[in-house]
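**Student:** If you scroll down you'll find the structure; I have some questions about it.
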Amino acid sequence: MKKLLIVNGPNLNLLGKREPEIYGSQTFEDYLQVLKTKFPQVSLEYFQSNVEGELINKIHEVGFSYDGIILNAGAYTHTSVAIGDAVKGIETPVVEVHISNTFSREEIRHQSYISANAKGVILGFGMQSYELAIKSLLD
């Protein structure tokens with residue numbers, strides 16, 4: 001059984017409440033149950049933090065033993081060299097995910113410090129971006 005971890009960064013704990021016109025009205029915890037039902041052959045874990053160092057620690061913790069990490073670093077995507085370095089420093093493949101199409105938003109969101117070190121990037125498909133990431137790690 002493949003072991004995957006979804007890591008969500010800052011403000012993603014507010015999914016379902018925050019800017020529903022961009023992020024939808026479903027909480028991530030509810031969506032996680034949908035994913036677990038769709039992928040019963042996968043051990044799927046979830047971690048969320050608003051703190052940069054905690055995200056880095058979690059990436060380090062699982063980055064040599066899991067089969068994949070799905071990372072939505074939120075706004076840290078565009079500001080954190082340290083998270084980009086954490087992804088570069090591990091062996092586990094990382095798929096960078098974004099709910100919105102970051103290229104249709106403010107210019108600061110067009111830069112990612114993670115993409116160059118990720119297996120791939122999926123953005124703009126709403127919550128389905130996570131499902132697409134899981135599929136990419138299973139192939």
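Just remember, in the structure tokens the first chain shown is A, the second B, etc., residues are 1-based per chain, and ligands are 1-based in the order shown.
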Give me the residues near A:Met127 as a list in words, where near means some atom within 9 Å (using only C-alpha atoms) and where sequence neighbours in that chain fewer than 3 positions away do not count.
**Tutor:**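 Non-adjacent residues within range: Tyr23, Gly24, Gln26, Phe28, Tyr31, His98, Ile99, Ser100, Gly124, Tyr130 and Glu131 of chain A.
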**Student:** Go ahead and write the residues just picked, N, CA and C atoms, as an mmCIF file, in the first residue's frame.
**Tutor:**
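The file below, part_26.cif, is the result:
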data_model
loop_
_atom_site.group_PDB
_atom_site.id
_atom_site.type_symbol
_atom_site.label_atom_id
_atom_site.label_comp_id
_atom_site.auth_asym_id
_atom_site.auth_seq_id
_atom_site.Cartn_x
_atom_site.Cartn_y
_atom_site.Cartn_z
ATOM 1 N N TYR A 23 -11.986 29.401 -3.463
ATOM 2 C CA TYR A 23 -11.604 28.119 -2.874
ATOM 3 C C TYR A 23 -12.756 27.144 -2.662
ATOM 4 N N GLY A 24 -13.995 27.571 -2.933
ATOM 5 C CA GLY A 24 -15.133 26.684 -2.742
ATOM 6 C C GLY A 24 -15.647 26.723 -1.314
ATOM 7 N N GLN A 26 -16.326 23.799 0.564
ATOM 8 C CA GLN A 26 -16.089 22.538 1.259
ATOM 9 C C GLN A 26 -14.853 22.652 2.148
ATOM 10 N N PHE A 28 -11.518 21.181 4.033
ATOM 11 C CA PHE A 28 -10.565 20.175 3.557
ATOM 12 C C PHE A 28 -10.792 18.841 4.249
ATOM 13 N N TYR A 31 -13.358 17.038 2.357
ATOM 14 C CA TYR A 31 -12.807 16.567 1.081
ATOM 15 C C TYR A 31 -11.843 15.398 1.289
ATOM 16 N N HIS A 98 -2.085 23.591 -6.123
ATOM 17 C CA HIS A 98 -2.801 24.825 -5.775
ATOM 18 C C HIS A 98 -4.240 24.682 -6.207
ATOM 19 N N ILE A 99 -5.146 25.138 -5.385
ATOM 20 C CA ILE A 99 -6.572 25.057 -5.680
ATOM 21 C C ILE A 99 -6.926 26.032 -6.797
ATOM 22 N N SER A 100 -6.407 27.247 -6.697
ATOM 23 C CA SER A 100 -6.679 28.267 -7.710
ATOM 24 C C SER A 100 -5.588 28.239 -8.785
ATOM 25 N N GLY A 124 -5.207 25.092 -10.330
ATOM 26 C CA GLY A 124 -6.372 25.653 -10.990
ATOM 27 C C GLY A 124 -7.562 24.729 -11.152
ATOM 28 N N TYR A 130 -5.933 18.007 -5.824
ATOM 29 C CA TYR A 130 -5.370 16.998 -4.921
ATOM 30 C C TYR A 130 -5.569 15.590 -5.491
ATOM 31 N N GLU A 131 -6.739 15.331 -6.041
ATOM 32 C CA GLU A 131 -7.018 14.028 -6.640
ATOM 33 C C GLU A 131 -6.074 13.769 -7.816
#
**Student:** Residues near A:Lys58, anyone? I mean within 12 Å using only C-alpha atoms, not counting same-chain ones fewer than 3 positions away, as a list in words.
**Tutor:** Leu5, Ile6, Val7, Asn8, Gly9, Glu45, Tyr46, Phe47, Gln48, Ser49, Val51, Glu52, Gly53, Glu54, Leu55, Glu61, Val62, Gly63, Phe64, Ser65, Tyr66, Ile69, Leu71, Ile83, Ala86, Val87 and Ile90 of chain A
**Student:** Would you save the residues of that selection, restricted to C-alpha atoms, as a JSON list (two decimals), in the first residue's frame?
**Tutor:**
[["chain", "number", "residue", "atom", "x", "y", "z"],
["A", 5, "LEU", "CA", 0.93, 12.69, 2.87],
["A", 6, "ILE", "CA", -1.02, 15.82, 1.99],
["A", 7, "VAL", "CA", 0.58, 18.93, 3.49],
["A", 8, "ASN", "CA", -1.39, 22.17, 3.49],
["A", 9, "GLY", "CA", 0.14, 25.48, 4.47],
["A", 45, "GLU", "CA", -2.46, 11.16, 5.82],
["A", 46, "TYR", "CA", -2.98, 14.88, 6.28],
["A", 47, "PHE", "CA", -1.04, 17.68, 7.96],
["A", 48, "GLN", "CA", -1.81, 21.41, 8.03],
["A", 49, "SER", "CA", 0.10, 24.26, 9.64],
["A", 51, "VAL", "CA", 3.86, 27.92, 10.60],
["A", 52, "GLU", "CA", 6.68, 27.67, 8.06],
["A", 53, "GLY", "CA", 9.05, 25.72, 10.32],
["A", 54, "GLU", "CA", 6.40, 23.13, 11.15],
["A", 55, "LEU", "CA", 5.84, 22.51, 7.43],
["A", 61, "GLU", "CA", 10.08, 13.78, 8.86],
["A", 62, "VAL", "CA", 8.42, 11.88, 5.99],
["A", 63, "GLY", "CA", 10.74, 12.80, 3.13],
["A", 64, "PHE", "CA", 12.74, 9.59, 3.19],
["A", 65, "SER", "CA", 10.05, 7.03, 4.06],
["A", 66, "TYR", "CA", 6.78, 7.94, 2.30],
["A", 69, "ILE", "CA", 3.94, 14.21, -0.64],
["A", 71, "LEU", "CA", 2.19, 19.97, -0.98],
["A", 83, "ILE", "CA", 10.44, 25.16, 1.95],
["A", 86, "ALA", "CA", 13.34, 21.21, 2.14],
["A", 87, "VAL", "CA", 11.68, 19.71, -0.96],
["A", 90, "ILE", "CA", 14.43, 14.89, 0.46]]
**Student:** Skip stretch 111-120 of chain A itself and residues of its chain fewer than 2 positions away, then list as an NGL selection string all residues within 7 Å of it, counting only C-alpha atoms.
**Tutor:** :A and (77-78 or 80-81 or 83-84 or 87-88 or 93-96 or 108-109 or 122)
**Student:** What are the DSSP alpha helix (DSSP H) residues of stretch 18-137 of chain A, as an MDAnalysis selection string?
**Tutor:** chainID A and resid 20:23 28:38 52:62 81:89 128:137
